[in-house]
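Chemist: First the structure, then my questions, so here it is.
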Amino acid sequence: MKKSQFVLSATLLGTVLSVIVGIVTFNETKFQLIAQMREDVRQLEDKLSAELARYSELPAVLATDPRLVALLADSAPKQQVVEINRLLVRWASRLEADTVYLLNRQGTTMAASNWQSQASFVGQNYAYRPYYQQAIKGGKGAYYALGSRSGKRGYYFSYPVRDSNQQDLLGVLVIKVDLSIIEQVWKYQTFDYLLTDPQGVIFYSSNPEWVYQTLTTLPTPQKQSIQRSRRYGDTPLIPLSQFQHPRQLGDNAVISLGLDASARQPMLMTTHTISQADWQLYGLTPISTLYPYVFQAVILFITFYFLVTVIVLAWWQRLAAQRQLARLNQNLERKVARRTQSLQASNLQLRDTLHQYERTQQVLKQTQSELVQAAKMATLGEMSAGINHEINQPLAAMRTYTENSQRLLAKARYQDVEANLAKTLELIQMISDIVARFKIFAKKSQTRTGTLDVVPLLHAAVSLTKSRWLRQGITVQLPSHSSPLYVIADAILLEQVLVNLLTNAIDAVSSTPDPCIRFETQHDESRLELRVIDNGKGMDSETMAQVFTPFFTTKETGLGLGLTISKRILESLHGQLIANTNPTGGTIMIIRLPVPTKESE
């Protein structure tokens with residue numbers, strides 16, 4: 001083959017491979033961005049749902065106040081109206097609400113926390129608002145809109161006020177909440193987000209130009225109805241896409257958005273429903289954000305390919321020159337010298353190869369250690385929502401005890417205050433224990449083996465994943481042991497294996513009726529066998545044969561490294577990890593570890 005032919009062939013092959021690398025990088029980066037957006041959107045939904053849940057039941061509690069009943073029943077003196085206005089001011093301050101106001105049966109505001117401001121609601125009639133119409137029928141009301149006087153966005157919670165006998169409906173109590181948490185959360189996000197109501201109208205967005213526009217084209221009657229209600233002021237409700245209905249927007253879709261139909265930008269989109277408010281939360285990022293990653297990957301591949309091609313070409317030219325020299329040189333002495341020189345070069349190359357092999361082994365060990373730690377951090381990231389849930393519950397209880405203590409102090413009930421403080425200390429200790437558990441789990445292990453008790457590690461793994469299996473209604477059964485179960489292992493690495501297996505079991509039973517995960521132990525003088533048993537759908541023979549293969553996974557998300565890493569961790573501890581099918585349905589993962597003997601002690 002001529003040099004020109006070689007260069008042409010190498011160029012064509014490199015072009016094809018570069019295109020393949022670009023396509024693979026584009027798809028992989030797209031998948032990672034969508035996964036990150038989906039997680040961010042889910043976290044945003046959790047925060048918004050928690051903020052709405054905080055206020056949803058408050059109107060029902062406050063509506064029973066007899067002072068409100070007296071005002072609506074016309075039995076309160078005129079001077080008491082001022083006191084009720086001040087009462088609503090105090091309520092709004094304590095609840096961190098935008099406005100608290102009281103409507104009579106005709107929908108006219110009788111008292112409001114903003115009664116002294118220029119945009120006071122007092123005397124205004126809101127009978128046309130859906131939250132009034134919902135509450136006046138005897139139920140709870142909820143509604144999102146722009147304030148007709150203040151022009152501020154808010155979510156309205158309402159509840160009927162009844163007479164002292166709880167018979168006649170006298171009016172409606174309304175709490176308006178300014179959802180400023182949305183702007184606070186979006187300050188720290190890297191993607192674009194928008195919130196839409198059931199009609200697809202955007203009322204919150206990280207892009208200010210999209211606010212009060214529509215994600216899809218609204219039918220003319222529906223658009224006119226929204227504009228007549230002035231729910232979003234005088235906005236023209238311009239559609240940002242060519243779609244006719246939000247149902248046409250599937251998750252992980254590519255959609256072109258923009259106010260100008262001729263200059264809309266293609267974007268990746270993921271969506272999540274906020275069921276409590278019947279809102280839709282979208283995460284968006286331009287397709288163009290993928291291009292730098294693709295460009296970088298292609299440049300790196302071209303550089304690598306160019307270097308390989310140059311090396312191959314140099315080797316080929318060198319080989320051709322050696323062949324030509326061999327044909328011309330007939331002197332045996334020179335042949336012997338040349339062979340001797342070649343042997344020396346081979347020896348040096350072999351020595352370099354051995355050194356390179358030793359360096360590669362060191363790098364491989366370091367890479368394996370980093371991969372184990374990365375898998376642990378990925379597992380910890382999946383459990384982040386559970387950490388938030390576990391800490392928020394005691395924090396909410398601490399706040400309740402603190403507010404109650406303030407009231408008790410005012411009444412000089414010091415013994416009750418002391419009891420509340422004791423309970424608050426218990427909750428603080430609970431939060432400290434939660435943080436300590438996750439801190440220990442996240443710690444990077446140096447593979448220090450020794451004698452340890454398996455029972456505390458079992459309880460720690462179950463505790464770390466508690467929020468997930470509790471939320472999905474999964475029963476976790478631990479064996480009862482009156483005495484320790486000792487093995488020779490590393491505590492942090494063994495805990496990571498237990499968390500990985502328990503996490504896989506939780507995923508396996510997520511769609512199973514009456515999901516259950518149980519642990520069983522069996523031991524003799526030389527080893528301890530720990531079984532993790534689930535009643536999921538199990539694995540077929542083909543899946544069972546590949547379950548420990550790197551990058552093999554049956555999940556929609558995941559790298560397929562969890563079981564591979566767990567198996568290698570146990571092998572490094574002179575143990576085993578075995579996968580079996582549960583005869584009654586599901587999977588059995590078996591951990592075998594050596595137990596301490598007299599010689600090891």
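Residue numbering restarts at 1 in every chain; chains get A, B, ... in the order shown in the structure tokens, and ligands count up from 1 in that same order.
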Which polymer residues have any atom within 9 Å of an atom of Leu498 (chain A), counting only C-alpha atoms, with same-chain residues fewer than 3 positions away left out, as a PyMOL selection string?

Modeler: chain A and resi 457-458+461-462+493-495+501-503+532+566

Chemist: Could you name the residues that touch Ser56 (chain A) at 10 Å or less, counting only C-alpha atoms, but leaving out those on the same chain fewer than 4 positions away, as a list in words?

Modeler: Glu51, Leu52, Ala60, Lys140, Gly141, Ala142, Tyr156, Phe157, Ser158, Tyr159, Ile175 and Gln276 of chain A

Chemist: Using only C-alpha atoms, determine which residues lie at most 12 Å from Thr220 (chain A), disregarding the query and same-chain residues fewer than 6 positions distant; provide the list as a list in words.

Modeler: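 The neighbour list is Ile226, Gln227, Pro236, Leu237, Ile238 and Gln244 of chain A.
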
Chemist: As an exercise, work out the distance from CA of Val312 (chain A) to CA of Lys3 (chain A) in Å and give it to one decimal place.

Modeler: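 Distance reported for this atom pair: 11.5 Å.
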
Chemist: Which one of A:Leu395, A:Asn582, A:Lys30, A:Ile569 sits closest to Ser288 (chain A) if you count only C-alpha atoms?

Modeler: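 Closest to Ser288 (chain A), using only C-alpha atoms: A:Lys30.
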
Chemist: Just the number, please: distance in Å from CA of Ile84 (chain A) to CA of Leu169 (chain A), one decimal.

Modeler: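 Distance between the two atoms: 19.0 Å.
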
Chemist: Compare A:Pro286, A:Leu44, A:Gln242, A:Leu72 by their minimum atom-to-atom distance to Leu194 (chain A), counting only C-alpha atoms, and give me the closest one.

Modeler: A:Leu44

Chemist: Out of A:Gln496, A:Gln265, A:Thr451, A:Thr15, which residue has the shortest atom-to-atom distance to Thr465 (chain A) when counting only C-alpha atoms?

Modeler: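 Selected residue with least distance to Thr465 (chain A): A:Gln496.
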
Chemist: Which residues in region 197-316 of chain A does DSSP call alpha helix (DSSP H)? List them as a PyMOL selection string.

Modeler: chain A and resi 220-229+291-316

Chemist: Can you tell me how far CA of Val417 (chain A) sits from CA of Leu95 (chain A), in Å to one decimal?

Modeler: 22.3 Å

Chemist: Determine the nearest neighbour of Val174 (chain A) from the options A:Ser113, A:Ser49, A:Asn347, A:Thr285, counting only C-alpha atoms.

Modeler: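 Closest candidate: A:Ser113.
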
Chemist: I want to know what sits within 10 Å of region 540-551 of chain A, based on only C-alpha atoms, with residues of the same chain fewer than 3 positions away left out; could you give that as a list of chain:residue names?

Modeler: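 Here the answer would be A:Lys537, A:Thr554, A:Gly558, A:Leu559, A:Gly560, A:Leu561, A:Gly562, A:Leu563, A:Thr564, A:Ile565, A:Ser566, A:Lys567, A:Arg568, A:Leu577, A:Ile578, A:Ala579, A:Asn580, A:Thr581, A:Thr587.
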
Chemist: Need to verify the contact set: Ala489 (chain A), 9 Å, only C-alpha atoms, exclusion of same-chain residues closer than 5 positions in sequence. Can you return it as a PyMOL selection string?

Modeler: chain A and resi 447-452+494+570+573-575+593-595

Chemist: Looking only at strand (DSSP E or B) from DSSP on the backbone, list the matching residues of region 52-121 of chain A as a short mmCIF file (atom, residue, chain, number, x, y, z; two decimals) with all heavy atoms, in the first residue's frame.

Modeler:
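Contents of result-v2.cif, freshly written:
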```
data_model
loop_
_atom_site.label_atom_id
_atom_site.label_comp_id
_atom_site.auth_asym_id
_atom_site.auth_seq_id
_atom_site.Cartn_x
_atom_site.Cartn_y
_atom_site.Cartn_z
N THR A 99 -51.55 38.36 52.78
CA THR A 99 -52.75 39.04 53.29
C THR A 99 -53.70 38.01 53.88
O THR A 99 -53.82 36.90 53.35
CB THR A 99 -53.49 39.80 52.16
OG1 THR A 99 -52.56 40.56 51.40
CG2 THR A 99 -54.54 40.73 52.75
N VAL A 100 -54.36 38.38 54.99
CA VAL A 100 -55.45 37.58 55.56
C VAL A 100 -56.67 38.50 55.61
O VAL A 100 -56.59 39.60 56.16
CB VAL A 100 -55.10 37.08 56.98
CG1 VAL A 100 -56.28 36.28 57.54
CG2 VAL A 100 -53.84 36.24 56.95
N TYR A 101 -57.81 38.07 55.01
CA TYR A 101 -58.98 38.95 54.99
C TYR A 101 -60.27 38.13 55.11
O TYR A 101 -60.28 36.93 54.85
CB TYR A 101 -58.99 39.85 53.75
CG TYR A 101 -58.86 39.16 52.43
CD1 TYR A 101 -59.95 38.98 51.59
CD2 TYR A 101 -57.61 38.72 51.98
CE1 TYR A 101 -59.82 38.39 50.36
CE2 TYR A 101 -57.46 38.11 50.76
CZ TYR A 101 -58.58 37.94 49.94
OH TYR A 101 -58.44 37.35 48.72
N LEU A 102 -61.34 38.85 55.52
CA LEU A 102 -62.61 38.22 55.85
C LEU A 102 -63.70 38.77 54.94
O LEU A 102 -63.87 39.99 54.84
CB LEU A 102 -62.95 38.48 57.33
CG LEU A 102 -64.24 37.86 57.86
CD1 LEU A 102 -64.12 36.33 57.88
CD2 LEU A 102 -64.51 38.39 59.28
N LEU A 103 -64.41 37.87 54.25
CA LEU A 103 -65.49 38.26 53.35
C LEU A 103 -66.84 37.88 53.99
O LEU A 103 -66.95 36.82 54.63
CB LEU A 103 -65.37 37.55 52.01
CG LEU A 103 -64.01 37.65 51.28
CD1 LEU A 103 -64.07 36.85 49.99
CD2 LEU A 103 -63.65 39.09 51.02
N ASN A 104 -67.84 38.74 53.76
CA ASN A 104 -69.18 38.37 54.24
C ASN A 104 -69.85 37.45 53.21
O ASN A 104 -69.24 37.07 52.20
CB ASN A 104 -70.03 39.60 54.53
CG ASN A 104 -70.28 40.44 53.27
OD1 ASN A 104 -70.06 39.96 52.15
ND2 ASN A 104 -70.72 41.67 53.45
N THR A 108 -68.12 40.67 50.08
CA THR A 108 -67.50 41.98 50.38
C THR A 108 -66.55 41.83 51.56
O THR A 108 -66.86 41.17 52.55
CB THR A 108 -68.58 43.02 50.72
OG1 THR A 108 -69.46 43.13 49.60
CG2 THR A 108 -67.94 44.38 51.00
N THR A 109 -65.37 42.45 51.45
CA THR A 109 -64.36 42.34 52.49
C THR A 109 -64.77 43.17 53.71
O THR A 109 -64.95 44.39 53.61
CB THR A 109 -63.00 42.83 51.97
OG1 THR A 109 -62.69 42.11 50.79
CG2 THR A 109 -61.91 42.60 53.00
N MET A 110 -64.88 42.54 54.87
CA MET A 110 -65.25 43.20 56.12
C MET A 110 -64.02 43.62 56.92
O MET A 110 -64.05 44.63 57.63
CB MET A 110 -66.12 42.25 56.97
CG MET A 110 -67.36 41.75 56.24
SD MET A 110 -68.48 43.10 55.79
CE MET A 110 -68.98 43.67 57.41
N ALA A 111 -62.94 42.86 56.83
CA ALA A 111 -61.71 43.17 57.56
C ALA A 111 -60.55 42.53 56.81
O ALA A 111 -60.71 41.51 56.15
CB ALA A 111 -61.77 42.65 59.00
N ALA A 112 -59.37 43.17 56.93
CA ALA A 112 -58.20 42.66 56.20
C ALA A 112 -56.94 43.09 56.92
O ALA A 112 -56.90 44.11 57.59
CB ALA A 112 -58.20 43.16 54.75
#
```

Chemist: Mind checking which residues fall within 8 Å of Gly22 (chain A), counting only C-alpha atoms, ignoring those fewer than 2 positions away in the same chain, and posting them as JSON, numbers by chain?

Modeler: {"A": [18, 19, 20, 24, 25, 26, 294, 295, 297, 298]}

Chemist: Extract, using only C-alpha atoms, all DNA, RNA and protein residues at most 12 Å from Asp524 (chain A), discarding same-chain residues fewer than 2 positions from it, and format them as a PyMOL selection string.

Modeler: chain A and resi 485-487+521-522+526-530+592-597
